[in-house]
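Coordinates from structure_8.cif are shown below (mmCIF, C-alpha atoms).
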data_target
loop_
_atom_site.label_atom_id
_atom_site.label_comp_id
_atom_site.auth_asym_id
_atom_site.auth_seq_id
_atom_site.Cartn_x
_atom_site.Cartn_y
_atom_site.Cartn_z
CA MET A 1 144.25 260.31 238.81
CA VAL A 2 145.12 256.69 239.50
CA ASN A 3 145.99 256.09 243.13
CA THR A 4 145.23 253.65 245.93
CA GLU A 5 142.55 255.74 247.59
CA GLY A 6 138.90 254.83 247.82
CA GLN A 7 139.23 251.07 247.90
CA LEU A 8 136.58 250.77 250.59
CA TYR A 9 134.09 252.71 248.47
CA THR A 10 134.65 250.20 245.67
CA ILE A 11 134.23 247.29 248.04
CA GLU A 12 131.02 248.66 249.45
CA GLY A 13 129.70 249.26 245.95
CA PHE A 14 130.47 245.65 245.01
CA ALA A 15 128.89 244.36 248.18
CA ALA A 16 125.70 246.31 247.56
CA ALA A 17 125.52 245.12 243.94
CA LEU A 18 126.01 241.48 244.95
CA ILE A 19 123.41 241.67 247.69
CA MET A 20 120.89 242.94 245.15
CA LEU A 21 121.81 240.25 242.61
CA MET A 22 121.64 237.55 245.25
CA THR A 23 118.19 238.71 246.34
CA ALA A 24 116.92 238.67 242.78
CA TYR A 25 118.40 235.20 242.25
CA LEU A 26 116.78 233.81 245.39
CA VAL A 27 113.41 235.35 244.56
CA VAL A 28 113.39 233.97 241.02
CA ASN A 29 114.56 230.55 242.19
CA ALA A 30 112.00 230.25 244.95
CA THR A 31 109.22 229.42 242.49
CA SER A 32 110.81 226.13 241.41
CA ILE A 33 111.65 223.55 244.01
CA TYR A 34 113.17 220.38 242.64
CA THR A 35 112.17 217.08 244.10
CA PRO A 36 113.72 213.75 243.08
CA GLY A 37 110.59 213.00 241.00
CA ASP A 38 111.22 216.04 238.82
CA THR A 39 114.48 214.62 237.61
CA HIS A 40 112.55 211.75 235.91
CA ILE A 41 115.27 209.25 236.78
CA SER A 42 112.76 206.95 238.53
CA ASP A 43 110.41 207.25 235.52
CA MET A 44 113.22 206.23 233.21
CA GLN A 45 114.06 203.21 235.35
CA LEU A 46 110.42 202.15 235.50
CA GLU A 47 110.03 202.49 231.74
CA VAL A 48 113.08 200.37 231.05
CA LEU A 49 111.93 197.75 233.56
CA GLY A 50 108.45 197.55 232.04
CA SER A 51 109.70 197.38 228.45
CA ASP A 52 112.15 194.64 229.33
CA ALA A 53 109.47 192.66 231.15
CA LEU A 54 107.12 192.87 228.16
CA ALA A 55 109.90 191.87 225.79
CA MET A 56 110.62 188.86 227.98
CA ILE A 57 106.97 187.78 228.00
CA ASN A 58 106.85 188.22 224.22
CA THR A 59 109.75 185.85 223.65
CA ALA A 60 108.83 182.36 222.53
CA PRO A 61 110.46 179.53 224.46
CA ASN A 62 111.71 178.20 221.14
CA GLY A 63 111.74 179.80 217.73
CA THR A 64 108.54 178.29 216.39
CA SER A 65 105.88 178.24 219.08
CA GLU A 66 103.83 181.17 220.30
CA SER A 67 105.20 183.53 222.90
CA PRO A 68 103.40 183.61 226.26
CA LEU A 69 102.12 187.10 225.45
CA GLN A 70 100.53 185.89 222.18
CA THR A 71 98.75 183.11 224.04
CA ILE A 72 97.62 185.51 226.75
CA VAL A 73 96.13 187.96 224.24
CA GLU A 74 94.46 185.23 222.19
CA THR A 75 92.84 183.63 225.23
CA ASN A 76 92.35 186.96 227.05
CA ASP A 77 94.04 185.48 230.11
CA GLY A 78 94.56 188.54 232.29
CA ALA A 79 95.23 186.51 235.42
CA MET A 80 98.15 184.74 233.76
CA PHE A 81 99.51 188.05 232.51
CA GLY A 82 99.29 189.55 235.98
CA GLN A 83 101.10 186.60 237.48
CA ILE A 84 103.97 186.54 234.97
CA PHE A 85 104.41 190.32 234.87
CA ASN A 86 104.29 190.57 238.64
CA ASN A 87 106.95 187.87 238.94
CA ILE A 88 109.26 189.75 236.60
CA VAL A 89 108.91 193.30 237.87
CA ASN A 90 108.34 192.76 241.57
CA ASN A 91 110.90 190.08 242.39
CA ARG A 92 113.96 191.22 244.25
CA THR A 93 117.19 189.60 245.27
CA ASN A 94 116.53 190.77 248.81
CA PRO A 95 113.69 189.09 250.66
CA GLY A 96 110.32 190.71 250.12
CA GLN A 97 108.51 192.05 247.10
CA ASP A 98 108.84 195.35 245.31
CA HIS A 99 105.72 197.53 245.17
CA ILE A 100 105.16 198.17 241.47
CA GLN A 101 101.49 198.32 240.50
CA PHE A 102 100.25 197.96 236.95
CA MET A 103 97.30 197.65 234.61
CA ALA A 104 97.16 196.38 231.04
CA ASN A 105 95.16 197.17 227.90
CA VAL A 106 95.09 195.66 224.47
CA SER A 107 94.51 198.09 221.59
CA TYR A 108 93.32 196.85 218.23
CA VAL A 109 91.95 198.17 214.96
CA LYS A 110 88.29 197.63 214.19
CA SER A 111 86.83 197.03 210.75
CA ASP A 112 85.96 200.71 210.29
CA ASN A 113 89.65 201.54 210.89
CA THR A 114 89.09 203.06 214.31
CA VAL A 115 91.04 201.92 217.35
CA SER A 116 89.49 200.36 220.39
CA SER A 117 90.99 199.12 223.63
CA THR A 118 90.00 196.27 225.84
CA THR A 119 91.14 195.71 229.39
CA LEU A 120 93.48 192.80 229.80
CA LEU A 121 94.15 193.31 233.49
CA ASN A 122 92.43 195.69 235.86
CA LYS A 123 94.60 197.94 237.95
CA THR A 124 96.10 196.17 240.92
CA ARG A 125 95.71 199.29 243.06
CA SER A 126 93.45 202.31 242.62
CA LEU A 127 95.12 205.35 241.11
CA SER A 128 94.97 208.41 243.32
CA GLY A 129 96.31 210.82 240.71
CA GLY A 130 99.61 211.51 242.40
CA GLU A 131 101.54 208.66 240.87
CA HIS A 132 104.30 209.06 238.34
CA ALA A 133 102.97 206.38 236.06
CA VAL A 134 104.67 205.41 232.80
CA ARG A 135 103.25 203.58 229.81
CA VAL A 136 105.09 200.85 227.98
CA SER A 137 103.84 198.91 224.98
CA GLU A 138 104.64 195.80 223.01
CA TRP A 139 103.49 194.71 219.56
CA VAL A 140 102.00 191.26 219.17
CA ILE A 141 100.65 189.52 216.09
CA VAL A 142 97.70 187.35 217.07
CA GLU A 143 94.95 185.44 215.33
CA LYS A 144 91.88 186.66 217.14
CA LYS A 145 88.39 188.03 216.78
CA PHE A 146 87.67 190.80 219.25
CA PRO A 147 84.03 191.15 220.33
CA ASP A 148 83.41 194.29 218.27
CA SER A 149 85.81 193.65 215.41
CA ASP A 150 85.00 192.19 212.03
CA SER A 151 86.31 188.66 211.83
CA LEU A 152 88.87 186.14 212.92
CA ARG A 153 92.07 187.13 211.20
CA LYS A 154 95.70 187.75 211.96
CA ARG A 155 96.10 191.21 213.39
CA ALA A 156 98.79 193.34 214.97
CA VAL A 157 97.70 194.51 218.40
CA LEU A 158 99.42 196.66 220.95
CA VAL A 159 99.66 195.48 224.55
CA GLU A 160 99.94 198.57 226.70
CA VAL A 161 100.91 198.46 230.34
CA LEU A 162 100.66 201.41 232.71
CA LEU A 163 102.91 200.91 235.70
CA TRP A 164 103.74 202.96 238.74
CA ARG A 165 105.53 202.51 242.00
CA ASP A 166 103.21 202.52 244.96
CA MET B 1 133.17 252.22 257.03
CA ALA B 2 134.66 254.22 254.17
CA GLY B 3 135.82 257.62 255.43
CA LEU B 4 135.73 256.54 259.07
CA ASN B 5 138.77 254.34 259.15
CA GLU B 6 141.06 253.75 256.17
CA ASP B 7 143.12 250.93 257.69
CA ALA B 8 143.22 247.28 256.73
CA GLN B 9 141.49 247.71 253.39
CA TRP B 10 143.29 244.75 251.85
CA ILE B 11 142.15 242.47 254.65
CA VAL B 12 138.56 243.53 254.08
CA LEU B 13 138.93 243.02 250.31
CA MET B 14 140.30 239.50 250.77
CA GLY B 15 137.50 238.74 253.19
CA PHE B 16 135.01 239.68 250.51
CA LEU B 17 136.77 237.50 247.93
CA VAL B 18 136.61 234.49 250.24
CA SER B 19 132.95 235.01 251.06
CA PHE B 20 132.01 235.35 247.38
CA SER B 21 133.84 232.16 246.48
CA LEU B 22 131.89 230.41 249.25
CA PHE B 23 128.69 231.80 247.74
CA PHE B 24 129.51 230.40 244.30
CA LEU B 25 130.44 227.03 245.77
CA ALA B 26 127.04 226.97 247.46
CA MET B 27 125.42 227.61 244.06
CA VAL B 28 127.33 224.69 242.55
CA LEU B 29 126.15 222.47 245.41
CA ASN B 30 122.59 223.67 244.82
CA GLN B 31 122.75 222.68 241.14
CA SER B 32 124.07 219.21 241.94
CA VAL B 33 120.57 218.21 243.09
CA VAL B 34 119.36 218.16 239.48
CA VAL B 35 122.31 216.20 238.15
CA GLY B 36 121.15 213.63 235.61
CA GLN B 37 117.85 215.37 234.94
CA THR B 38 118.50 216.24 231.32
CA THR B 39 120.08 212.86 230.74
CA ALA B 40 117.05 211.06 232.14
CA GLU B 41 114.71 213.31 230.16
CA ALA B 42 116.60 212.63 226.96
CA VAL B 43 116.41 208.89 227.60
CA SER B 44 112.69 209.06 228.45
CA GLU B 45 111.97 211.11 225.36
CA PHE B 46 113.85 208.93 222.91
CA PRO B 47 111.37 206.24 221.80
CA LYS B 48 113.84 203.38 221.72
CA ASP B 49 111.35 200.68 222.57
CA ASP B 50 108.70 202.06 220.22
CA ILE B 51 111.13 202.02 217.31
CA ARG B 52 112.43 198.59 218.20
CA GLY B 53 108.91 197.22 218.52
CA VAL B 54 107.51 198.67 215.32
CA ARG B 55 110.60 197.61 213.40
CA GLY B 56 110.26 194.04 214.65
CA VAL B 57 106.59 193.79 213.80
CA ILE B 58 107.08 195.33 210.34
CA ILE B 59 109.73 192.76 209.51
CA GLN B 60 107.43 189.97 210.73
CA SER B 61 104.55 191.30 208.65
CA VAL B 62 106.52 191.32 205.40
CA TYR B 63 106.93 187.55 205.61
CA MET B 64 103.20 186.93 205.99
CA ASP B 65 100.90 185.92 203.15
CA ASN B 66 98.06 188.02 201.83
CA PRO B 67 95.36 188.84 202.91
CA ASP B 68 96.79 188.56 206.44
CA ARG B 69 99.66 190.81 205.49
CA MET B 70 97.51 193.70 204.32
CA GLY B 71 95.42 193.57 207.47
CA VAL B 72 98.42 193.43 209.79
CA GLN B 73 100.26 196.22 207.98
CA ASN B 74 97.19 198.42 208.16
CA ASP B 75 96.96 197.65 211.87
CA ILE B 76 100.58 198.70 212.34
CA ARG B 77 100.10 202.06 210.61
CA THR B 78 96.82 202.82 212.39
CA LEU B 79 97.89 201.77 215.87
CA SER B 80 101.23 203.60 215.60
CA LEU B 81 99.45 206.79 214.65
CA ILE B 82 96.73 206.63 217.28
CA ARG B 83 98.37 204.93 220.25
CA GLN B 84 102.03 205.87 219.82
CA ASN B 85 101.68 209.28 218.14
CA SER B 86 104.05 208.29 215.39
CA VAL B 87 103.82 208.24 211.63
CA VAL B 88 105.11 204.96 210.29
CA SER B 89 105.61 204.21 206.64
CA PHE B 90 107.26 201.20 205.08
CA SER B 91 107.59 199.30 201.83
CA ASN B 92 109.47 196.26 200.72
CA THR B 93 111.20 195.20 197.53
CA THR B 94 112.87 192.01 196.49
CA ASN B 95 116.16 192.13 194.68
CA GLY B 96 117.65 188.76 193.84
CA ALA B 97 117.87 186.66 196.96
CA TYR B 98 117.37 189.60 199.30
CA THR B 99 114.32 191.36 200.63
CA TYR B 100 114.75 195.03 201.38
CA ILE B 101 112.40 196.91 203.70
CA GLU B 102 112.42 200.68 203.93
CA ILE B 103 111.19 201.76 207.35
CA HIS B 104 110.37 205.37 208.21
CA TYR B 105 109.36 206.39 211.70
CA ASN B 106 108.62 209.90 212.91
CA ASN B 107 106.98 210.95 216.17
CA GLY B 108 107.58 214.67 215.78
CA VAL B 109 110.68 214.66 217.95
CA THR B 110 112.63 211.68 216.70
CA ALA B 111 112.87 210.54 213.10
CA TYR B 112 114.23 207.12 212.29
CA ASN B 113 114.85 205.74 208.82
CA GLU B 114 116.25 202.38 207.96
CA THR B 115 116.67 200.12 204.98
CA TRP B 116 116.62 196.62 206.34
CA ARG B 117 118.04 193.78 204.26
CA SER B 118 117.13 190.18 204.86
CA PRO B 119 120.01 188.03 206.03
#

What is this file in structure tokens?
Amino acid sequence: MVNTEGQLYTIEGFAAALIMLMTAYLVVNATSIYTPGDTHISDMQLEVLGSDALAMINTAPNGTSESPLQTIVETNDGAMFGQIFNNIVNNRTNPGQDHIQFMANVSYVKSDNTVSSTTLLNKTRSLSGGEHAVRVSEWVIVEKKFPDSDSLRKRAVLVEVLLWRD
Amino acid sequence: MAGLNEDAQWIVLMGFLVSFSLFFLAMVLNQSVVVGQTTAEAVSEFPKDDIRGVRGVIIQSVYMDNPDRMGVQNDIRTLSLIRQNSVVSFSNTTNGAYTYIEIHYNNGVTAYNETWRSP
């Protein structure tokens, strides 16, 4: 029964099977096309950059005084925040600026235990909806009365920055 | 081809083997486009900065005086839940010269528990 005949029949059978499998594979794969944005590597880099920038702004020059971020939130100084944040994230060793755009909110708890947000810095460029924006946040303890909150007291607030590469 | 000419079957077979190995190499090349995707997703998903931030602010809050402390700690729990989608629970005890803080963090994907001891 076993001999060396019919090898070409086997080969043709294999070829036909593989052509069918390959077709199925290509058809199934055609629905998903990967672009570099889908790998989320740029999102990850942006998130790390933003978190580091916020951590830097929230570091007091010496151990006892307020950090720049605390002062910014207490005085609601969005312009100062924009300037410092822009300097950190958009500076490059090469000449020229990077093109990272951002906006900032401060979230706080009101007296009825609901959360409200106030704009610290308006977006530096309009969002078109196609951006891969990431959100980073930093806790700050400030002594502040928000317009619609109960009283002047120490409170933990969350500075949230949405940033995207233009 | 089969039945017409039975010569050179081994050459044809080897030709097939070579072409299939080329096909699989092309598939490997195709997959290399998405290299790093799962790594980047895992890094994006792990809330390292959220945990670090909430941990830092909890430790700060424990050293505050009442009534500031109660207000700040309530802020931490509420803001974590609503703005960071994470359940945060903590309590502190004093034992001798040390302050111990139990910190629990859970955002549904990552759970983090720590007992912090004052230096």

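In this comparison, which uses only C-alpha atoms, the residue of B:Glu102, B:Asp7, B:Glu41, B:Glu114 approaching Ile41 of chain A most closely is B:Glu41.
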
Let me know the residues the PyMOL selection byres ((chain A and resi 74) around 12) catches in the file above, as a PyMOL selection string.
chain A and resi 66-73+75-78+81+106+120+140-146+152-157+159

Output the contact residues of chain B with respect to chain A at a cut-off of 9 Å, based on only C-alpha atoms, as a PyMOL selection string.
chain B and resi 1-3+6+9-10+12-13+16+20+33-41+43-44+49-50+53-54+56-57+60-61+68-69+71-76+78-80+82-84

Dump as a PDB file, keeping the file's coordinate frame, selection limited to C-alpha atoms:
ATOM      1  CA  MET B   1     133.170 252.220 257.030  1.00  0.00           C
ATOM      2  CA  ALA B   2     134.660 254.220 254.170  1.00  0.00           C
ATOM      3  CA  GLY B   3     135.820 257.620 255.430  1.00  0.00           C
ATOM      4  CA  GLU B   6     141.060 253.750 256.170  1.00  0.00           C
ATOM      5  CA  GLN B   9     141.490 247.710 253.390  1.00  0.00           C
ATOM      6  CA  TRP B  10     143.290 244.750 251.850  1.00  0.00           C
ATOM      7  CA  VAL B  12     138.560 243.530 254.080  1.00  0.00           C
ATOM      8  CA  LEU B  13     138.930 243.020 250.310  1.00  0.00           C
ATOM      9  CA  PHE B  16     135.010 239.680 250.510  1.00  0.00           C
ATOM     10  CA  PHE B  20     132.010 235.350 247.380  1.00  0.00           C
ATOM     11  CA  VAL B  33     120.570 218.210 243.090  1.00  0.00           C
ATOM     12  CA  VAL B  34     119.360 218.160 239.480  1.00  0.00           C
ATOM     13  CA  VAL B  35     122.310 216.200 238.150  1.00  0.00           C
ATOM     14  CA  GLY B  36     121.150 213.630 235.610  1.00  0.00           C
ATOM     15  CA  GLN B  37     117.850 215.370 234.940  1.00  0.00           C
ATOM     16  CA  THR B  38     118.500 216.240 231.320  1.00  0.00           C
ATOM     17  CA  THR B  39     120.080 212.860 230.740  1.00  0.00           C
ATOM     18  CA  ALA B  40     117.050 211.060 232.140  1.00  0.00           C
ATOM     19  CA  GLU B  41     114.710 213.310 230.160  1.00  0.00           C
ATOM     20  CA  VAL B  43     116.410 208.890 227.600  1.00  0.00           C
ATOM     21  CA  SER B  44     112.690 209.060 228.450  1.00  0.00           C
ATOM     22  CA  ASP B  49     111.350 200.680 222.570  1.00  0.00           C
ATOM     23  CA  ASP B  50     108.700 202.060 220.220  1.00  0.00           C
ATOM     24  CA  GLY B  53     108.910 197.220 218.520  1.00  0.00           C
ATOM     25  CA  VAL B  54     107.510 198.670 215.320  1.00  0.00           C
ATOM     26  CA  GLY B  56     110.260 194.040 214.650  1.00  0.00           C
ATOM     27  CA  VAL B  57     106.590 193.790 213.800  1.00  0.00           C
ATOM     28  CA  GLN B  60     107.430 189.970 210.730  1.00  0.00           C
ATOM     29  CA  SER B  61     104.550 191.300 208.650  1.00  0.00           C
ATOM     30  CA  ASP B  68      96.790 188.560 206.440  1.00  0.00           C
ATOM     31  CA  ARG B  69      99.660 190.810 205.490  1.00  0.00           C
ATOM     32  CA  GLY B  71      95.420 193.570 207.470  1.00  0.00           C
ATOM     33  CA  VAL B  72      98.420 193.430 209.790  1.00  0.00           C
ATOM     34  CA  GLN B  73     100.260 196.220 207.980  1.00  0.00           C
ATOM     35  CA  ASN B  74      97.190 198.420 208.160  1.00  0.00           C
ATOM     36  CA  ASP B  75      96.960 197.650 211.870  1.00  0.00           C
ATOM     37  CA  ILE B  76     100.580 198.700 212.340  1.00  0.00           C
ATOM     38  CA  THR B  78      96.820 202.820 212.390  1.00  0.00           C
ATOM     39  CA  LEU B  79      97.890 201.770 215.870  1.00  0.00           C
ATOM     40  CA  SER B  80     101.230 203.600 215.600  1.00  0.00           C
ATOM     41  CA  ILE B  82      96.730 206.630 217.280  1.00  0.00           C
ATOM     42  CA  ARG B  83      98.370 204.930 220.250  1.00  0.00           C
ATOM     43  CA  GLN B  84     102.030 205.870 219.820  1.00  0.00           C
TER      44      GLN B  84
END

Contact residues around Leu163 of chain A with all atoms listed in the file at 10 Å, ignoring same-chain residues under 5 positions, as a VMD selection string
chain A and resid 43 46 to 47 49 to 50 89 100 to 104 123 to 124 131 to 136

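Atom CA of Asn113 of chain B to atom CA of Val88 of chain B spans 9.9 Å [interatomic distance, one decimal].
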
Distance criterion (all atoms listed in the file): nearest to Asn85 of chain B out of B:Ile103, B:Ile51, B:Val62, B:Met70:
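Of B:Ile103, B:Ile51, B:Val62, B:Met70, the one nearest Asn85 of chain B is B:Ile51, counting all atoms listed in the file.
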
Give me segment 27-59 of chain B with N, CA and C atoms filled in, as a PDB file, in the coordinates of the input.
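Result file part-v4.pdb:
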ATOM      1  N   MET B  27     126.254 227.714 245.253  1.00  0.00           N
ATOM      2  CA  MET B  27     125.420 227.610 244.060  1.00  0.00           C
ATOM      3  C   MET B  27     125.691 226.314 243.298  1.00  0.00           C
ATOM      4  N   VAL B  28     126.973 225.942 243.221  1.00  0.00           N
ATOM      5  CA  VAL B  28     127.330 224.690 242.550  1.00  0.00           C
ATOM      6  C   VAL B  28     126.693 223.506 243.274  1.00  0.00           C
ATOM      7  N   LEU B  29     126.744 223.533 244.608  1.00  0.00           N
ATOM      8  CA  LEU B  29     126.150 222.470 245.410  1.00  0.00           C
ATOM      9  C   LEU B  29     124.638 222.409 245.174  1.00  0.00           C
ATOM     10  N   ASN B  30     124.023 223.583 245.054  1.00  0.00           N
ATOM     11  CA  ASN B  30     122.590 223.670 244.820  1.00  0.00           C
ATOM     12  C   ASN B  30     122.220 223.011 243.488  1.00  0.00           C
ATOM     13  N   GLN B  31     123.047 223.245 242.457  1.00  0.00           N
ATOM     14  CA  GLN B  31     122.750 222.680 241.140  1.00  0.00           C
ATOM     15  C   GLN B  31     122.950 221.176 241.095  1.00  0.00           C
ATOM     16  N   SER B  32     123.767 220.639 242.003  1.00  0.00           N
ATOM     17  CA  SER B  32     124.070 219.210 241.940  1.00  0.00           C
ATOM     18  C   SER B  32     122.837 218.359 242.235  1.00  0.00           C
ATOM     19  N   VAL B  33     121.792 218.966 242.819  1.00  0.00           N
ATOM     20  CA  VAL B  33     120.570 218.210 243.090  1.00  0.00           C
ATOM     21  C   VAL B  33     119.955 217.709 241.789  1.00  0.00           C
ATOM     22  N   VAL B  34     120.046 218.511 240.729  1.00  0.00           N
ATOM     23  CA  VAL B  34     119.360 218.160 239.480  1.00  0.00           C
ATOM     24  C   VAL B  34     120.292 217.433 238.506  1.00  0.00           C
ATOM     25  N   VAL B  35     121.396 216.932 239.020  1.00  0.00           N
ATOM     26  CA  VAL B  35     122.310 216.200 238.150  1.00  0.00           C
ATOM     27  C   VAL B  35     121.589 214.991 237.539  1.00  0.00           C
ATOM     28  N   GLY B  36     121.775 214.770 236.259  1.00  0.00           N
ATOM     29  CA  GLY B  36     121.150 213.630 235.610  1.00  0.00           C
ATOM     30  C   GLY B  36     119.767 213.921 235.094  1.00  0.00           C
ATOM     31  N   GLN B  37     119.226 215.102 235.372  1.00  0.00           N
ATOM     32  CA  GLN B  37     117.850 215.370 234.940  1.00  0.00           C
ATOM     33  C   GLN B  37     117.745 215.384 233.421  1.00  0.00           C
ATOM     34  N   THR B  38     118.614 216.162 232.780  1.00  0.00           N
ATOM     35  CA  THR B  38     118.500 216.240 231.320  1.00  0.00           C
ATOM     36  C   THR B  38     118.829 214.908 230.672  1.00  0.00           C
ATOM     37  N   THR B  39     119.771 214.182 231.279  1.00  0.00           N
ATOM     38  CA  THR B  39     120.080 212.860 230.740  1.00  0.00           C
ATOM     39  C   THR B  39     118.863 211.959 230.800  1.00  0.00           C
ATOM     40  N   ALA B  40     118.216 211.929 231.974  1.00  0.00           N
ATOM     41  CA  ALA B  40     117.050 211.060 232.140  1.00  0.00           C
ATOM     42  C   ALA B  40     115.925 211.507 231.213  1.00  0.00           C
ATOM     43  N   GLU B  41     115.760 212.825 231.048  1.00  0.00           N
ATOM     44  CA  GLU B  41     114.710 213.310 230.160  1.00  0.00           C
ATOM     45  C   GLU B  41     114.980 212.914 228.728  1.00  0.00           C
ATOM     46  N   ALA B  42     116.259 213.006 228.327  1.00  0.00           N
ATOM     47  CA  ALA B  42     116.600 212.630 226.960  1.00  0.00           C
ATOM     48  C   ALA B  42     116.329 211.144 226.741  1.00  0.00           C
ATOM     49  N   VAL B  43     116.651 210.330 227.740  1.00  0.00           N
ATOM     50  CA  VAL B  43     116.410 208.890 227.600  1.00  0.00           C
ATOM     51  C   VAL B  43     114.921 208.602 227.567  1.00  0.00           C
ATOM     52  N   SER B  44     114.146 209.291 228.436  1.00  0.00           N
ATOM     53  CA  SER B  44     112.690 209.060 228.450  1.00  0.00           C
ATOM     54  C   SER B  44     112.049 209.488 227.148  1.00  0.00           C
ATOM     55  N   GLU B  45     112.591 210.546 226.552  1.00  0.00           N
ATOM     56  CA  GLU B  45     111.970 211.110 225.360  1.00  0.00           C
ATOM     57  C   GLU B  45     112.297 210.295 224.123  1.00  0.00           C
ATOM     58  N   PHE B  46     113.460 209.678 224.092  1.00  0.00           N
ATOM     59  CA  PHE B  46     113.850 208.930 222.910  1.00  0.00           C
ATOM     60  C   PHE B  46     113.066 207.619 222.860  1.00  0.00           C
ATOM     61  N   PRO B  47     112.279 207.399 221.800  1.00  0.00           N
ATOM     62  CA  PRO B  47     111.370 206.240 221.800  1.00  0.00           C
ATOM     63  C   PRO B  47     112.062 204.953 221.362  1.00  0.00           C
ATOM     64  N   LYS B  48     113.054 204.555 222.105  1.00  0.00           N
ATOM     65  CA  LYS B  48     113.840 203.380 221.720  1.00  0.00           C
ATOM     66  C   LYS B  48     112.983 202.137 221.588  1.00  0.00           C
ATOM     67  N   ASP B  49     112.137 201.906 222.596  1.00  0.00           N
ATOM     68  CA  ASP B  49     111.350 200.680 222.570  1.00  0.00           C
ATOM     69  C   ASP B  49     110.247 200.723 221.534  1.00  0.00           C
ATOM     70  N   ASP B  50     109.707 201.936 221.276  1.00  0.00           N
ATOM     71  CA  ASP B  50     108.700 202.060 220.220  1.00  0.00           C
ATOM     72  C   ASP B  50     109.297 201.720 218.864  1.00  0.00           C
ATOM     73  N   ILE B  51     110.487 202.268 218.595  1.00  0.00           N
ATOM     74  CA  ILE B  51     111.130 202.020 217.310  1.00  0.00           C
ATOM     75  C   ILE B  51     111.475 200.549 217.165  1.00  0.00           C
ATOM     76  N   ARG B  52     112.037 200.002 218.227  1.00  0.00           N
ATOM     77  CA  ARG B  52     112.430 198.590 218.200  1.00  0.00           C
ATOM     78  C   ARG B  52     111.213 197.699 217.961  1.00  0.00           C
ATOM     79  N   GLY B  53     110.117 198.035 218.648  1.00  0.00           N
ATOM     80  CA  GLY B  53     108.910 197.220 218.520  1.00  0.00           C
ATOM     81  C   GLY B  53     108.304 197.304 217.141  1.00  0.00           C
ATOM     82  N   VAL B  54     108.172 198.523 216.611  1.00  0.00           N
ATOM     83  CA  VAL B  54     107.510 198.670 215.320  1.00  0.00           C
ATOM     84  C   VAL B  54     108.385 198.075 214.215  1.00  0.00           C
ATOM     85  N   ARG B  55     109.670 198.187 214.369  1.00  0.00           N
ATOM     86  CA  ARG B  55     110.600 197.610 213.400  1.00  0.00           C
ATOM     87  C   ARG B  55     110.448 196.089 213.383  1.00  0.00           C
ATOM     88  N   GLY B  56     110.392 195.495 214.564  1.00  0.00           N
ATOM     89  CA  GLY B  56     110.260 194.040 214.650  1.00  0.00           C
ATOM     90  C   GLY B  56     108.966 193.557 214.024  1.00  0.00           C
ATOM     91  N   VAL B  57     107.863 194.261 214.290  1.00  0.00           N
ATOM     92  CA  VAL B  57     106.590 193.790 213.800  1.00  0.00           C
ATOM     93  C   VAL B  57     106.450 194.045 212.292  1.00  0.00           C
ATOM     94  N   ILE B  58     107.102 195.089 211.796  1.00  0.00           N
ATOM     95  CA  ILE B  58     107.080 195.330 210.340  1.00  0.00           C
ATOM     96  C   ILE B  58     107.800 194.198 209.624  1.00  0.00           C
ATOM     97  N   ILE B  59     108.970 193.831 210.158  1.00  0.00           N
ATOM     98  CA  ILE B  59     109.730 192.760 209.510  1.00  0.00           C
ATOM     99  C   ILE B  59     108.953 191.451 209.533  1.00  0.00           C
TER     100      ILE B  59
END
